[in-house]
Amino acid sequence: MTSIDSRRLPEHIAIIMDGNGRWAKKKGLSRILGHQQGADAVREIVTASRDIGIRWLTLYAFSEENWKRPAHEVQALMKLLNRFLKKELEEMQENGIRLKTIGRTSRLPKRTRDILLDTIEKTSSNRQMTLTLALSYGGRQEILDAILKIAARVERGEMAADQITEQTVTDALYTSGMPDPDLLIRTSGEYRVSNFLLWQISYSEIYITPTLWPDFDKNEYLKAIQDYQKRDRRFGGTGAGSKE
Ligand code: FPP
């Protein structure tokens with residue numbers, strides 16, 4: 001098994017889970033079965049993250065653009081999410097995992113929203129790791145929602161326009177209070193950001209693997225973290241670790 005340096009772990013890992021459909025096609029199975037297998041990979045990576053000691057894990061589970069998929073596929077994804085949340089609650093409690101969501105979750109079906117709210121509430125005092133699911137999420141929409149929030153504050157006279165700083169924007173995003181991702185992983189070999197955490201990934205290290213999401217296991221995950229640990233993060237500065 002791949003070894004990593006536990007003293008230099010990324011604090012926050014974000015993952016674009018891609019390739020469920022291709023995995024299914026390769027095996028002559030339906031896309032839905034690909035998503036089912038993808039849900040098993042989610043389970044494995046959540047557990048692995050907790051075991052490794054990752055504090056923040058953010059998964060792109062459903063994008064704003066995913067609403068364009070056929071209704072039966074959207075329904076199947078929601079069902080899988082419901083089932084995942086109900087099945088994993090006990091595991092989350094035992095392992096100190098807190099659930100959070102980012103995105104326009106008001107668009108999700110009522111049943112999914114109810115299960116999400118229940119899980120978020122029950123796990124809210126857990127402190128080992130925060131699992132954030134991006135649901136009905138789009139990076140541009142998030143930035144737009146932040147701009148609208150800030151503009152309303154200016155309009156109400158609560159702040160002047162020239163007082164807006166990077167921090168004001170950071171605090172108005174869905175991810176307010178979360179650290180930026182140190183490592184962004186994308187599976188299935190696509191070199192795209194796909195509207196994910198656009199503001200937050202400014203200085204993230206990116207790791208792209210050809211492995212399709214359902215095949216992405218703990219060992220693949222450790223390889224990504226090991227690769228991250230070899231990088232020299234300069235944040236636009238010159239020396240190791242300098243942040244500017
Ligand atoms: C991409 O595969 C995957 C998604 C649509 C999002 C991820 C969804 C899951 C892993 C399923 C369950 C999620 C949870 C949180 C339990 P794709 O369909 O875009 O693959 P393709 O590009 O090969 O068609």
# chains A, B, ... in the order shown; residues from 1 in each chain; ligands from 1
call {"tool": "residues_near_ligand", "arguments": {"ligand": "ligand 1", "cutoff": "7 Å", "atoms": "only C-alpha atoms and all ligand atoms", "output": "compact mmCIF listing (two decimals) with N, CA, C and O atoms, in the first residue's frame"}}
result
# COMPACT_ATOMS: atom_id res chain seq x y z
N MET A 17 -15.89 13.87 -8.85
CA MET A 17 -16.05 12.42 -9.04
C MET A 17 -16.64 12.20 -10.44
O MET A 17 -17.81 12.43 -10.65
N ASP A 18 -15.81 11.78 -11.37
CA ASP A 18 -16.30 11.68 -12.75
C ASP A 18 -16.03 10.28 -13.29
O ASP A 18 -15.05 9.65 -12.91
N GLY A 19 -16.90 9.83 -14.17
CA GLY A 19 -16.65 8.58 -14.89
C GLY A 19 -17.56 7.41 -14.54
O GLY A 19 -17.32 6.30 -14.99
N ASN A 20 -18.62 7.67 -13.78
CA ASN A 20 -19.56 6.58 -13.46
C ASN A 20 -20.18 6.01 -14.74
O ASN A 20 -20.30 4.79 -14.90
N GLY A 21 -20.57 6.91 -15.64
CA GLY A 21 -21.23 6.50 -16.89
C GLY A 21 -20.29 5.67 -17.75
O GLY A 21 -20.65 4.61 -18.27
N ARG A 22 -19.05 6.15 -17.88
CA ARG A 22 -18.07 5.43 -18.71
C ARG A 22 -17.72 4.07 -18.12
O ARG A 22 -17.54 3.10 -18.83
N TRP A 23 -17.66 4.03 -16.79
CA TRP A 23 -17.37 2.76 -16.11
C TRP A 23 -18.45 1.74 -16.46
O TRP A 23 -18.16 0.59 -16.80
N ARG A 31 -26.14 3.13 -16.81
CA ARG A 31 -25.48 4.26 -16.12
C ARG A 31 -25.83 4.26 -14.64
O ARG A 31 -25.01 4.61 -13.80
N HIS A 35 -23.53 4.63 -11.24
CA HIS A 35 -23.69 5.55 -10.10
C HIS A 35 -23.72 4.77 -8.78
O HIS A 35 -23.18 5.23 -7.78
N GLN A 36 -24.38 3.60 -8.83
CA GLN A 36 -24.42 2.77 -7.61
C GLN A 36 -23.02 2.40 -7.17
O GLN A 36 -22.66 2.49 -6.00
N GLY A 38 -20.45 4.02 -7.95
CA GLY A 38 -19.85 5.30 -7.54
C GLY A 38 -20.15 5.61 -6.08
O GLY A 38 -19.31 6.14 -5.36
N ALA A 39 -21.35 5.27 -5.66
CA ALA A 39 -21.73 5.52 -4.26
C ALA A 39 -20.88 4.66 -3.32
O ALA A 39 -20.50 5.10 -2.23
N VAL A 42 -17.69 6.38 -2.92
CA VAL A 42 -17.84 7.51 -1.99
C VAL A 42 -17.63 7.01 -0.56
O VAL A 42 -16.87 7.57 0.22
N TYR A 60 -18.07 16.69 -5.15
CA TYR A 60 -18.99 17.26 -6.15
C TYR A 60 -19.99 16.16 -6.50
O TYR A 60 -19.73 15.34 -7.38
N ALA A 61 -21.12 16.12 -5.81
CA ALA A 61 -22.06 15.01 -5.97
C ALA A 61 -23.12 15.29 -7.03
O ALA A 61 -23.62 14.36 -7.67
N PHE A 62 -23.48 16.58 -7.22
CA PHE A 62 -24.51 16.90 -8.21
C PHE A 62 -24.37 18.38 -8.59
O PHE A 62 -24.51 19.25 -7.73
N ASN A 66 -26.16 19.19 -13.88
CA ASN A 66 -26.67 17.81 -13.87
C ASN A 66 -28.20 17.73 -13.95
O ASN A 66 -28.76 16.69 -14.27
N LEU A 77 -30.14 9.24 -9.01
CA LEU A 77 -29.06 9.85 -8.22
C LEU A 77 -29.58 10.33 -6.87
O LEU A 77 -28.92 10.17 -5.84
N LEU A 80 -30.12 7.34 -4.63
CA LEU A 80 -28.83 6.85 -4.13
C LEU A 80 -28.32 7.71 -2.99
O LEU A 80 -27.79 7.22 -2.00
N LEU A 81 -28.52 9.02 -3.14
CA LEU A 81 -28.09 9.96 -2.11
C LEU A 81 -28.89 9.72 -0.83
O LEU A 81 -28.31 9.65 0.27
N PHE A 84 -27.70 6.54 0.72
CA PHE A 84 -26.35 6.73 1.27
C PHE A 84 -26.43 7.42 2.63
O PHE A 84 -25.83 6.98 3.60
N LEU A 133 -21.04 17.90 0.90
CA LEU A 133 -21.55 17.44 -0.39
C LEU A 133 -21.99 18.67 -1.18
O LEU A 133 -22.81 19.46 -0.71
call {"tool": "select_by_dssp", "arguments": {"residues": "range 20-218 of chain A", "states": "alpha helix (DSSP H)", "output": "count of residues only"}}
result
91
call {"tool": "select_by_dssp", "arguments": {"residues": "range 103-233 of chain A", "states": "strand (DSSP E or B)", "output": "list in words"}}
result
Met129, Thr130, Leu131, Thr132, Leu133, Ala134, Leu135, Ser136, Tyr137, Leu183, Leu184, Ile185, Arg186, Glu205, Ile206, Tyr207 and Ile208 of chain A
call {"tool": "write_last_selection", "arguments": {"atoms": "N, CA, C and O atoms", "output": "short mmCIF file (atom, residue, chain, number, x, y, z; two decimals), in the first residue's frame"}}
result
data_model
loop_
_atom_site.label_atom_id
_atom_site.label_comp_id
_atom_site.auth_asym_id
_atom_site.auth_seq_id
_atom_site.Cartn_x
_atom_site.Cartn_y
_atom_site.Cartn_z
N MET A 129 -14.05 15.21 11.23
CA MET A 129 -13.94 15.57 9.82
C MET A 129 -15.26 16.17 9.35
O MET A 129 -16.32 15.78 9.85
N THR A 130 -15.18 17.12 8.44
CA THR A 130 -16.40 17.67 7.84
C THR A 130 -16.50 17.15 6.41
O THR A 130 -15.60 17.37 5.60
N LEU A 131 -17.59 16.44 6.14
CA LEU A 131 -17.88 15.97 4.79
C LEU A 131 -18.87 16.94 4.17
O LEU A 131 -20.00 17.09 4.67
N THR A 132 -18.44 17.63 3.12
CA THR A 132 -19.33 18.58 2.46
C THR A 132 -19.75 18.01 1.11
O THR A 132 -18.90 17.66 0.30
N LEU A 133 -21.04 17.90 0.90
CA LEU A 133 -21.55 17.44 -0.39
C LEU A 133 -21.99 18.67 -1.18
O LEU A 133 -22.81 19.46 -0.71
N ALA A 134 -21.43 18.82 -2.37
CA ALA A 134 -21.86 19.89 -3.27
C ALA A 134 -23.05 19.34 -4.05
O ALA A 134 -22.91 18.38 -4.81
N LEU A 135 -24.21 19.95 -3.84
CA LEU A 135 -25.45 19.44 -4.43
C LEU A 135 -26.19 20.59 -5.11
O LEU A 135 -26.41 21.63 -4.49
N SER A 136 -26.56 20.38 -6.35
CA SER A 136 -27.13 21.46 -7.14
C SER A 136 -26.18 22.65 -7.04
O SER A 136 -26.57 23.78 -6.82
N TYR A 137 -24.90 22.32 -7.17
CA TYR A 137 -23.83 23.30 -6.98
C TYR A 137 -23.25 23.79 -8.31
O TYR A 137 -23.04 23.00 -9.24
N LEU A 183 -5.93 20.42 -2.07
CA LEU A 183 -5.78 19.46 -3.16
C LEU A 183 -7.14 19.25 -3.84
O LEU A 183 -8.14 18.99 -3.16
N LEU A 184 -7.14 19.40 -5.16
CA LEU A 184 -8.34 19.11 -5.96
C LEU A 184 -8.06 17.88 -6.81
O LEU A 184 -7.10 17.87 -7.59
N ILE A 185 -8.88 16.85 -6.63
CA ILE A 185 -8.69 15.60 -7.40
C ILE A 185 -9.81 15.50 -8.43
O ILE A 185 -10.97 15.80 -8.12
N ARG A 186 -9.46 15.11 -9.65
CA ARG A 186 -10.49 14.81 -10.64
C ARG A 186 -10.23 13.44 -11.23
O ARG A 186 -9.11 13.14 -11.67
N GLU A 205 -3.60 22.60 -5.36
CA GLU A 205 -2.85 21.70 -6.22
C GLU A 205 -3.86 20.79 -6.91
O GLU A 205 -4.83 20.35 -6.29
N ILE A 206 -3.64 20.53 -8.20
CA ILE A 206 -4.62 19.72 -8.94
C ILE A 206 -4.00 18.36 -9.29
O ILE A 206 -2.85 18.27 -9.72
N TYR A 207 -4.78 17.32 -9.07
CA TYR A 207 -4.34 15.95 -9.39
C TYR A 207 -5.41 15.32 -10.27
O TYR A 207 -6.56 15.22 -9.86
N ILE A 208 -5.01 14.92 -11.47
CA ILE A 208 -5.97 14.29 -12.38
C ILE A 208 -5.53 12.86 -12.65
O ILE A 208 -4.36 12.62 -12.99
#
call {"tool": "atom_distance", "arguments": {"atom1": "CA of Thr211 in chain A", "atom2": "CA of Thr112 in chain A"}}
result
29.2 Å
call {"tool": "closest_atom_pairs", "arguments": {"of": "range 52-148 of chain A", "to": "range 167-176 of chain A", "cutoff": "8 Å", "atoms": "only C-alpha atoms", "output": "JSON lines"}}
result
{"residue": "A:Ile102", "atom": "CA", "partner": "A:Tyr174", "partner_atom": "CA", "distance": 5.6}
{"residue": "A:Gly103", "atom": "CA", "partner": "A:Tyr174", "partner_atom": "CA", "distance": 6.9}
{"residue": "A:Glu142", "atom": "CA", "partner": "A:Leu173", "partner_atom": "CA", "distance": 6.2}
{"residue": "A:Ile143", "atom": "CA", "partner": "A:Leu173", "partner_atom": "CA", "distance": 6.7}
{"residue": "A:Asp145", "atom": "CA", "partner": "A:Leu173", "partner_atom": "CA", "distance": 7.6}
{"residue": "A:Ala146", "atom": "CA", "partner": "A:Ala172", "partner_atom": "CA", "distance": 4.9}
{"residue": "A:Ile147", "atom": "CA", "partner": "A:Val169", "partner_atom": "CA", "distance": 7.5}
call {"tool": "write_last_selection", "arguments": {"atoms": "C-alpha atoms", "output": "PDB file, in the first residue's frame"}}
result
ATOM      1  CA  ILE A 102     -23.075  23.634  -0.486  1.00  0.00           C
ATOM      2  CA  GLY A 103     -25.215  24.596  -3.463  1.00  0.00           C
ATOM      3  CA  GLU A 142     -22.131  30.610  -5.897  1.00  0.00           C
ATOM      4  CA  ILE A 143     -20.172  33.746  -6.815  1.00  0.00           C
ATOM      5  CA  ASP A 145     -25.235  34.533  -4.963  1.00  0.00           C
ATOM      6  CA  ALA A 146     -22.380  36.102  -2.964  1.00  0.00           C
ATOM      7  CA  ILE A 147     -22.469  39.253  -5.109  1.00  0.00           C
TER       8      ILE A 147
END
call {"tool": "atom_distance", "arguments": {"atom1": "CA of Thr187 in chain A", "atom2": "CA of Thr209 in chain A"}}
result
5.1 Å
call {"tool": "residues_around", "arguments": {"residues": "Met1 in chain A", "least_positions_apart": "4", "cutoff": "12 Å", "atoms": "only C-alpha atoms", "output": "short mmCIF file (atom, residue, chain, number, x, y, z; two decimals) with N, CA and C atoms, in the first residue's frame"}}
result
data_model
loop_
_atom_site.label_atom_id
_atom_site.label_comp_id
_atom_site.auth_asym_id
_atom_site.auth_seq_id
_atom_site.Cartn_x
_atom_site.Cartn_y
_atom_site.Cartn_z
N ASP A 217 -10.04 3.84 -5.46
CA ASP A 217 -10.09 3.23 -4.12
C ASP A 217 -9.06 3.88 -3.19
N LYS A 218 -8.92 3.33 -2.00
CA LYS A 218 -8.03 3.93 -1.00
C LYS A 218 -6.59 4.06 -1.50
N ASN A 219 -6.12 3.03 -2.21
CA ASN A 219 -4.75 3.08 -2.69
C ASN A 219 -4.54 4.20 -3.72
N GLU A 220 -5.54 4.37 -4.61
CA GLU A 220 -5.48 5.46 -5.59
C GLU A 220 -5.47 6.81 -4.87
N TYR A 221 -6.25 6.87 -3.82
CA TYR A 221 -6.38 8.10 -3.02
C TYR A 221 -5.05 8.43 -2.35
N LEU A 222 -4.42 7.40 -1.79
CA LEU A 222 -3.12 7.60 -1.14
C LEU A 222 -2.08 8.07 -2.16
N LYS A 223 -2.18 7.56 -3.40
CA LYS A 223 -1.25 7.98 -4.46
C LYS A 223 -1.41 9.48 -4.75
N GLN A 226 0.12 11.35 -1.89
CA GLN A 226 1.57 11.24 -1.97
C GLN A 226 2.12 12.20 -3.04
#
call {"tool": "atom_distance", "arguments": {"atom1": "CA of Ile13 in chain A", "atom2": "CA of Lys87 in chain A"}}
result
23.1 Å
call {"tool": "closest_residue", "arguments": {"among": "A:Arg233, A:Arg43, A:Arg140, A:Arg50", "to": "Phe216 in chain A", "atoms": "only C-alpha atoms"}}
result
A:Arg43
call {"tool": "closest_residue", "arguments": {"among": "A:Glu91, A:Glu64, A:Glu121, A:Asp182", "to": "Leu108 in chain A", "atoms": "only C-alpha atoms"}}
result
A:Glu64
call {"tool": "residues_around", "arguments": {"residues": "Ile52 in chain A", "least_positions_apart": "2", "cutoff": "12 Å", "atoms": "only C-alpha atoms", "output": "list in words"}}
result
Ser3, Ile4, Asp5, Ser6, Arg7, Arg8, Leu9, Pro10, Glu11, Ile13, Ile45, Val46, Thr47, Ala48, Ser49, Arg50, Ile54, Arg55, Trp56, Leu57, Gln128, Met129, Lys218, Asn219, Tyr221, Leu222 and Ile225 of chain A
call {"tool": "closest_residue", "arguments": {"among": "A:Glu44, A:Arg234, A:Trp213, A:Gln93", "to": "Arg127 in chain A", "atoms": "only C-alpha atoms"}}
result
A:Gln93
call {"tool": "closest_residue", "arguments": {"among": "A:Leu198, A:Ile15, A:Ala152, A:Met78", "to": "Arg107 in chain A", "atoms": "only C-alpha atoms"}}
result
A:Met78
